[in-house]
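Student: Got a structure for you, start05.pdb, holding PDB, C-alpha atoms.
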ATOM      1  CA  MET A   1     -11.330  -8.620  16.183
ATOM      2  CA  LYS A   2     -11.801  -9.468  12.530
ATOM      3  CA  ASP A   3      -9.760 -12.406  11.298
ATOM      4  CA  ILE A   4      -8.007 -11.715   8.040
ATOM      5  CA  CYS A   5      -5.974 -14.366   6.240
ATOM      6  CA  LEU A   6      -3.252 -13.746   3.695
ATOM      7  CA  ALA A   7      -3.272 -15.871   0.542
ATOM      8  CA  PRO A   8      -0.610 -15.637  -2.167
ATOM      9  CA  VAL A   9      -1.629 -14.204  -5.530
ATOM     10  CA  SER A  10      -0.701 -16.563  -8.363
ATOM     11  CA  PRO A  11       0.419 -15.233 -11.758
ATOM     12  CA  GLU A  12      -2.939 -16.314 -13.210
ATOM     13  CA  GLU A  13      -4.775 -14.240 -10.593
ATOM     14  CA  LEU A  14      -2.715 -11.095 -11.148
ATOM     15  CA  PRO A  15      -5.039  -9.488 -13.765
ATOM     16  CA  ASN A  16      -8.057  -9.701 -11.424
ATOM     17  CA  PHE A  17      -5.948  -8.586  -8.453
ATOM     18  CA  SER A  18      -4.743  -5.607 -10.539
ATOM     19  CA  ARG A  19      -8.290  -4.664 -11.542
ATOM     20  CA  ASP A  20      -9.454  -4.755  -7.907
ATOM     21  CA  LEU A  21      -6.461  -2.689  -6.780
ATOM     22  CA  GLN A  22      -7.029  -0.115  -9.518
ATOM     23  CA  GLU A  23     -10.715   0.133  -8.610
ATOM     24  CA  ALA A  24      -9.869   0.769  -4.955
ATOM     25  CA  PHE A  25      -7.136   3.322  -5.733
ATOM     26  CA  GLY A  26      -9.312   5.111  -8.287
ATOM     27  CA  VAL A  27     -11.961   6.078  -5.725
ATOM     28  CA  ALA A  28      -9.843   8.788  -4.056
ATOM     29  CA  LEU A  29      -8.560  10.094  -7.370
ATOM     30  CA  ARG A  30     -12.098  10.489  -8.685
ATOM     31  CA  GLU A  31     -13.288  12.128  -5.468
ATOM     32  CA  LYS A  32     -10.367  14.561  -5.211
ATOM     33  CA  PHE A  33      -9.604  15.390  -8.845
ATOM     34  CA  GLY A  34     -12.571  14.114 -10.856
ATOM     35  CA  VAL A  35     -10.135  11.963 -12.818
ATOM     36  CA  GLN A  36     -10.901   8.423 -13.873
ATOM     37  CA  GLU A  37      -7.621   6.599 -14.368
ATOM     38  CA  GLU A  38      -6.445   3.050 -13.941
ATOM     39  CA  ILE A  39      -3.912   3.557 -11.171
ATOM     40  CA  PRO A  40      -1.397   2.277 -10.652
ATOM     41  CA  SER A  41      -0.853   1.118 -14.192
ATOM     42  CA  ALA A  42      -0.978  -2.596 -14.968
ATOM     43  CA  GLN A  43       2.702  -2.332 -15.926
ATOM     44  CA  GLU A  44       3.611  -0.918 -12.511
ATOM     45  CA  ILE A  45       1.642  -3.626 -10.698
ATOM     46  CA  CYS A  46       3.355  -6.296 -12.793
ATOM     47  CA  ARG A  47       6.759  -4.691 -12.111
ATOM     48  CA  CYS A  48       6.046  -4.792  -8.359
ATOM     49  CA  TYR A  49       4.809  -8.368  -8.580
ATOM     50  CA  GLN A  50       8.030  -9.475 -10.265
ATOM     51  CA  ALA A  51      10.391  -7.436  -8.062
ATOM     52  CA  ARG A  52      12.937  -9.142  -5.872
ATOM     53  CA  GLY A  53      11.507  -9.892  -2.428
ATOM     54  CA  GLU A  54       7.943  -9.035  -3.440
ATOM     55  CA  GLN A  55       5.168 -10.951  -1.693
ATOM     56  CA  THR A  56       1.689 -10.333  -3.085
ATOM     57  CA  HIS A  57      -1.338 -11.391  -1.064
ATOM     58  CA  HIS A  58      -5.088 -11.464  -1.269
ATOM     59  CA  LEU A  59      -6.694 -10.377   1.984
ATOM     60  CA  LEU A  60      -9.377 -12.907   2.874
ATOM     61  CA  TRP A  61     -12.176 -12.411   5.380
ATOM     62  CA  HIS A  62     -14.455 -15.406   5.883
ATOM     63  CA  GLY A  63     -13.115 -16.779   2.606
ATOM     64  CA  ARG A  64     -13.997 -13.625   0.627
ATOM     65  CA  ARG A  65     -11.382 -11.488  -1.079
ATOM     66  CA  VAL A  66     -11.719  -8.087   0.548
ATOM     67  CA  GLY A  67      -8.449  -6.519  -0.547
ATOM     68  CA  GLY A  68      -4.797  -7.092  -1.214
ATOM     69  CA  ALA A  69      -1.249  -6.179  -0.313
ATOM     70  CA  MET A  70       2.021  -6.060  -2.191
ATOM     71  CA  LEU A  71       4.948  -6.252   0.208
ATOM     72  CA  ARG A  72       8.685  -6.004  -0.414
ATOM     73  CA  ILE A  73      10.359  -8.251   2.140
ATOM     74  CA  ASP A  74      14.057  -8.085   3.039
ATOM     75  CA  PRO A  75      14.640 -11.081   5.329
ATOM     76  CA  ALA A  76      18.334 -10.248   5.801
ATOM     77  CA  GLY A  77      17.928  -6.611   6.821
ATOM     78  CA  GLY A  78      14.394  -6.595   8.179
ATOM     79  CA  CYS A  79      13.476  -3.337   6.439
ATOM     80  CA  ASN A  80      10.215  -4.214   4.699
ATOM     81  CA  ALA A  81       7.960  -2.088   2.533
ATOM     82  CA  LEU A  82       4.227  -1.957   2.088
ATOM     83  CA  ASP A  83       4.258  -1.141  -1.628
ATOM     84  CA  LEU A  84       0.525  -1.312  -2.360
ATOM     85  CA  PHE A  85      -2.338  -1.985   0.035
ATOM     86  CA  PHE A  86      -6.068  -1.822  -0.497
ATOM     87  CA  ILE A  87      -9.418  -2.790   0.897
ATOM     88  CA  SER A  88     -12.139  -3.051  -1.750
ATOM     89  CA  PRO A  89     -14.504  -0.066  -1.498
ATOM     90  CA  GLU A  90     -17.533  -2.205  -0.583
ATOM     91  CA  TYR A  91     -15.668  -3.312   2.570
ATOM     92  CA  HIS A  92     -14.504   0.136   3.741
ATOM     93  CA  SER A  93     -15.292   1.335   7.281
ATOM     94  CA  GLN A  94     -15.668  -2.177   8.704
ATOM     95  CA  GLY A  95     -12.323  -2.398  10.506
ATOM     96  CA  LEU A  96     -10.873  -4.707   7.874
ATOM     97  CA  GLY A  97      -7.927  -2.464   6.999
ATOM     98  CA  LEU A  98      -6.576  -2.514  10.536
ATOM     99  CA  ALA A  99      -7.265  -6.234  10.869
ATOM    100  CA  ALA A 100      -5.429  -6.808   7.593
ATOM    101  CA  TRP A 101      -2.486  -4.707   8.719
ATOM    102  CA  ARG A 102      -2.262  -6.693  11.968
ATOM    103  CA  ALA A 103      -2.330  -9.932   9.958
ATOM    104  CA  ILE A 104       0.543  -8.625   7.820
ATOM    105  CA  GLU A 105       2.569  -7.694  10.901
ATOM    106  CA  ALA A 106       1.922 -11.152  12.381
ATOM    107  CA  ALA A 107       2.988 -12.855   9.135
ATOM    108  CA  TYR A 108       6.344 -11.027   9.139
ATOM    109  CA  PRO A 109       7.442 -11.021  12.810
ATOM    110  CA  ASP A 110      11.136 -10.474  11.996
ATOM    111  CA  THR A 111      10.459  -7.035  10.533
ATOM    112  CA  VAL A 112      12.631  -4.331  12.056
ATOM    113  CA  VAL A 113      10.927  -1.438  10.288
ATOM    114  CA  TRP A 114       8.014  -1.098   7.860
ATOM    115  CA  GLU A 115       7.967   1.671   5.280
ATOM    116  CA  THR A 116       5.237   2.963   2.976
ATOM    117  CA  ILE A 117       4.207   6.093   1.072
ATOM    118  CA  THR A 118       0.892   7.761   0.327
ATOM    119  CA  PRO A 119      -0.100  10.905  -1.620
ATOM    120  CA  TYR A 120      -0.612  14.134   0.318
ATOM    121  CA  PHE A 121      -4.318  14.253  -0.559
ATOM    122  CA  GLU A 122      -5.124  10.779   0.776
ATOM    123  CA  GLU A 123      -6.390  11.967   4.160
ATOM    124  CA  ARG A 124      -8.065   8.638   4.813
ATOM    125  CA  ASN A 125      -4.751   6.803   4.287
ATOM    126  CA  ILE A 126      -2.788   9.280   6.397
ATOM    127  CA  HIS A 127      -5.273   8.850   9.254
ATOM    128  CA  PHE A 128      -5.116   5.079   8.878
ATOM    129  CA  TYR A 129      -1.331   4.771   8.866
ATOM    130  CA  VAL A 130      -0.640   7.305  11.628
ATOM    131  CA  ASN A 131      -3.626   7.029  13.971
ATOM    132  CA  LYS A 132      -4.614   3.394  13.531
ATOM    133  CA  CYS A 133      -1.429   1.499  12.610
ATOM    134  CA  GLY A 134       1.214   3.495  14.480
ATOM    135  CA  PHE A 135       3.315   4.698  11.568
ATOM    136  CA  HIS A 136       5.151   8.025  11.727
ATOM    137  CA  ILE A 137       5.571  10.483   8.884
ATOM    138  CA  VAL A 138       9.310  10.720   8.336
ATOM    139  CA  GLU A 139       9.589  12.565   5.033
ATOM    140  CA  PHE A 140       7.529  14.779   2.735
ATOM    141  CA  PHE A 141       8.407  14.574  -0.961
ATOM    142  CA  ASN A 142       7.489  17.579  -3.078
ATOM    143  CA  PRO A 143       9.012  19.709  -5.879
ATOM    144  CA  HIS A 144      11.491  21.193  -3.349
ATOM    145  CA  HIS A 145      12.462  17.826  -1.852
ATOM    146  CA  LEU A 146      12.401  15.117  -4.519
ATOM    147  CA  ASP A 147      12.377  11.400  -3.844
ATOM    148  CA  PRO A 148      15.812  10.008  -4.745
ATOM    149  CA  ASN A 149      14.226   6.631  -5.555
ATOM    150  CA  PRO A 150      12.280   5.770  -8.711
ATOM    151  CA  PRO A 151       9.489   8.194  -9.620
ATOM    152  CA  PRO A 152       5.978   7.880  -8.206
ATOM    153  CA  PRO A 153       3.322   5.866 -10.040
ATOM    154  CA  THR A 154       2.089   6.765 -13.487
ATOM    155  CA  ASP A 155      -1.249   6.248 -15.168
ATOM    156  CA  SER A 156      -1.933   3.913 -18.081
ATOM    157  CA  ASN A 157      -0.453   6.508 -20.490
ATOM    158  CA  GLY A 158       2.774   6.819 -18.500
ATOM    159  CA  ASP A 159       1.853  10.277 -17.196
ATOM    160  CA  PRO A 160       2.280  11.202 -13.507
ATOM    161  CA  ILE A 161      -0.910  10.737 -11.519
ATOM    162  CA  PRO A 162      -2.360  14.014 -10.203
ATOM    163  CA  GLY A 163      -1.143  14.593  -6.667
ATOM    164  CA  GLU A 164       1.413  11.762  -6.799
ATOM    165  CA  GLU A 165       4.397  14.089  -7.063
ATOM    166  CA  THR A 166       3.682  15.258  -3.510
ATOM    167  CA  TYR A 167       3.541  12.489  -0.939
ATOM    168  CA  PHE A 168       4.541  11.338   2.518
ATOM    169  CA  ARG A 169       6.911   8.547   3.499
ATOM    170  CA  PHE A 170       5.965   6.676   6.659
ATOM    171  CA  GLU A 171       7.901   4.319   8.911
ATOM    172  CA  LYS A 172       6.844   2.008  11.701
ATOM    173  CA  VAL A 173       9.679   0.732  13.856
ATOM    174  CA  MET A 174       8.841  -2.732  15.113
ATOM    175  CA  ARG A 175      12.102  -3.659  16.830
ATOM    176  CA  PRO A 176      14.057  -0.545  17.877
ATOM    177  CA  GLU A 177      16.794  -2.632  19.516
ATOM    178  CA  ALA A 178      17.647  -4.117  16.102
ATOM    179  CA  MET A 179      18.273  -0.642  14.638
ATOM    180  CA  ARG A 180      21.277   0.113  16.859
TER     181      ARG A 180
END
Take the structure I supplied and represent it as structure tokens, if you would.
Tutor:
Amino acid sequence: MKDICLAPVSPEELPNFSRDLQEAFGVALREKFGVQEEIPSAQEICRCYQARGEQTHHLLWHGRRVGGAMLRIDPAGGCNALDLFFISPEYHSQGLGLAAWRAIEAAYPDTVVWETITPYFEERNIHFYVNKCGFHIVEFFNPHHLDPNPPPPTDSNGDPIPGEETYFRFEKVMRPEAMR
């Protein structure tokens, strides 16, 4: 098993963290739509970083930054969210994503349920969350079933990102007895 460590992202490190996240997220957008955008926008990343309960981490493997995670933690209710998660493209297909997810689960053992979303076209993410991490698709947002929460991410111009209006919501129940 690959050992991944979580290290907090300081405010001074946020610009580099944002750049790395945008680079990782941009790969699928370029491959699927031929679009080169900085996604999510720096403003959205900053908004997440400053949100109540947000915990932002570098993912370290042998001391090297191989990715990152932005988590919204609710210690009182135990319903936590994986807001943004990435492995840098040069480290893909090495088992680091699953190792990182396991490190996140271990770091937050009081979690009752994890939640995350991913665009419909992100087949790699869907496979990862469902088949590797044990999440279940619980909702499909689309023009006929809109997300009642804030809108999906926008690009640097404030425009919706192609494909982001149609996405899945996933849940992973960690402690079913706590949900009763």
Student: With range 60-68 of chain A as the partner and 12 Å as the cut-off, tabulate the residues of range 80-133 of chain A that qualify, each row holding the nearest pair of atoms and their distance in Å to one decimal, using all atoms listed in the file, sorted by chain and rising number, as JSON lines.
Tutor:
{"residue": "A:Leu82", "atom": "CA", "partner": "A:Gly68", "partner_atom": "CA", "distance": 10.9}
{"residue": "A:Asp83", "atom": "CA", "partner": "A:Gly68", "partner_atom": "CA", "distance": 10.8}
{"residue": "A:Leu84", "atom": "CA", "partner": "A:Gly68", "partner_atom": "CA", "distance": 7.9}
{"residue": "A:Phe85", "atom": "CA", "partner": "A:Gly68", "partner_atom": "CA", "distance": 5.8}
{"residue": "A:Phe86", "atom": "CA", "partner": "A:Gly67", "partner_atom": "CA", "distance": 5.3}
{"residue": "A:Ile87", "atom": "CA", "partner": "A:Gly67", "partner_atom": "CA", "distance": 4.1}
{"residue": "A:Ser88", "atom": "CA", "partner": "A:Gly67", "partner_atom": "CA", "distance": 5.2}
{"residue": "A:Pro89", "atom": "CA", "partner": "A:Val66", "partner_atom": "CA", "distance": 8.7}
{"residue": "A:Glu90", "atom": "CA", "partner": "A:Val66", "partner_atom": "CA", "distance": 8.3}
{"residue": "A:Tyr91", "atom": "CA", "partner": "A:Val66", "partner_atom": "CA", "distance": 6.5}
{"residue": "A:His92", "atom": "CA", "partner": "A:Val66", "partner_atom": "CA", "distance": 9.3}
{"residue": "A:Gln94", "atom": "CA", "partner": "A:Val66", "partner_atom": "CA", "distance": 10.8}
{"residue": "A:Gly95", "atom": "CA", "partner": "A:Trp61", "partner_atom": "CA", "distance": 11.2}
{"residue": "A:Leu96", "atom": "CA", "partner": "A:Val66", "partner_atom": "CA", "distance": 8.1}
{"residue": "A:Gly97", "atom": "CA", "partner": "A:Gly67", "partner_atom": "CA", "distance": 8.6}
{"residue": "A:Leu98", "atom": "CA", "partner": "A:Gly67", "partner_atom": "CA", "distance": 11.9}
{"residue": "A:Ala99", "atom": "CA", "partner": "A:Trp61", "partner_atom": "CA", "distance": 9.6}
{"residue": "A:Ala100", "atom": "CA", "partner": "A:Leu60", "partner_atom": "CA", "distance": 8.7}
{"residue": "A:Trp101", "atom": "CA", "partner": "A:Gly68", "partner_atom": "CA", "distance": 10.5}
{"residue": "A:Ala103", "atom": "CA", "partner": "A:Leu60", "partner_atom": "CA", "distance": 10.4}
{"residue": "A:Ile104", "atom": "CA", "partner": "A:Gly68", "partner_atom": "CA", "distance": 10.6}
Student: Using only C-alpha atoms, which residues of range 19-98 of chain A come within 6 Å of range 110-129 of chain A, and what is the closest atom pair for each, with the distance in Å to one decimal? Give it as CSV, sorted by chain and residue number.
Tutor:
residue,atom,partner,partner_atom,distance
A:Gly78,CA,A:Thr111,CA,4.6
A:Cys79,CA,A:Val113,CA,5.0
A:Asn80,CA,A:Trp114,CA,5.0
A:Ala81,CA,A:Glu115,CA,4.7
A:Leu82,CA,A:Thr116,CA,5.1
Student: Within 12 Å of Gly26 in chain A, counting only C-alpha atoms, which residues qualify if same-chain residues fewer than 5 places away don't, as a VMD selection string?
Tutor: chain A and resid 18 to 21 31 to 41 86 88 to 89 122 155 161 to 162
Student: Tell me, in Å to one decimal, how far CA of Tyr167 in chain A is from CA of Arg47 in chain A.
Tutor: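 Computing it gives 20.7 Å between the two atoms.
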Student: Considering only C-alpha atoms, state which residue in the set A:Phe170, A:Gln50, A:Ala7, A:Glu13 is at the smallest distance from Phe135 in chain A.
Tutor: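 Under the stated criterion, the closest residue is A:Phe170.
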Student: What do you get, as a list in words, if you spell out every residue that the PyMOL selection byres ((chain A and resi 147) around 12) selects here?
Tutor: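 When the PyMOL selection byres ((chain A and resi 147) around 12) is applied, the selected residues are Ile117, Glu139, Phe140, Phe141, Asn142, Pro143, His144, His145, Leu146, Pro148, Asn149, Pro150, Pro151, Pro152, Glu164, Glu165, Thr166, Tyr167, Phe168 and Arg169 of chain A.
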Student: Could you take the residues named above and write them with C-alpha atoms, as a compact mmCIF listing (two decimals), in the frame of the given file?
Tutor:
# COMPACT_ATOMS: atom_id res chain seq x y z
CA ILE A 117 4.21 6.09 1.07
CA GLU A 139 9.59 12.56 5.03
CA PHE A 140 7.53 14.78 2.74
CA PHE A 141 8.41 14.57 -0.96
CA ASN A 142 7.49 17.58 -3.08
CA PRO A 143 9.01 19.71 -5.88
CA HIS A 144 11.49 21.19 -3.35
CA HIS A 145 12.46 17.83 -1.85
CA LEU A 146 12.40 15.12 -4.52
CA PRO A 148 15.81 10.01 -4.74
CA ASN A 149 14.23 6.63 -5.56
CA PRO A 150 12.28 5.77 -8.71
CA PRO A 151 9.49 8.19 -9.62
CA PRO A 152 5.98 7.88 -8.21
CA GLU A 164 1.41 11.76 -6.80
CA GLU A 165 4.40 14.09 -7.06
CA THR A 166 3.68 15.26 -3.51
CA TYR A 167 3.54 12.49 -0.94
CA PHE A 168 4.54 11.34 2.52
CA ARG A 169 6.91 8.55 3.50
Student: Choose the residue, out of A:Leu14, A:Val130, A:Leu6, A:Ala107, that has the smallest atom-to-atom separation from Ile73 in chain A; count only C-alpha atoms.
Tutor: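 Among A:Leu14, A:Val130, A:Leu6, A:Ala107, it is A:Ala107 that comes nearest to Ile73 in chain A.
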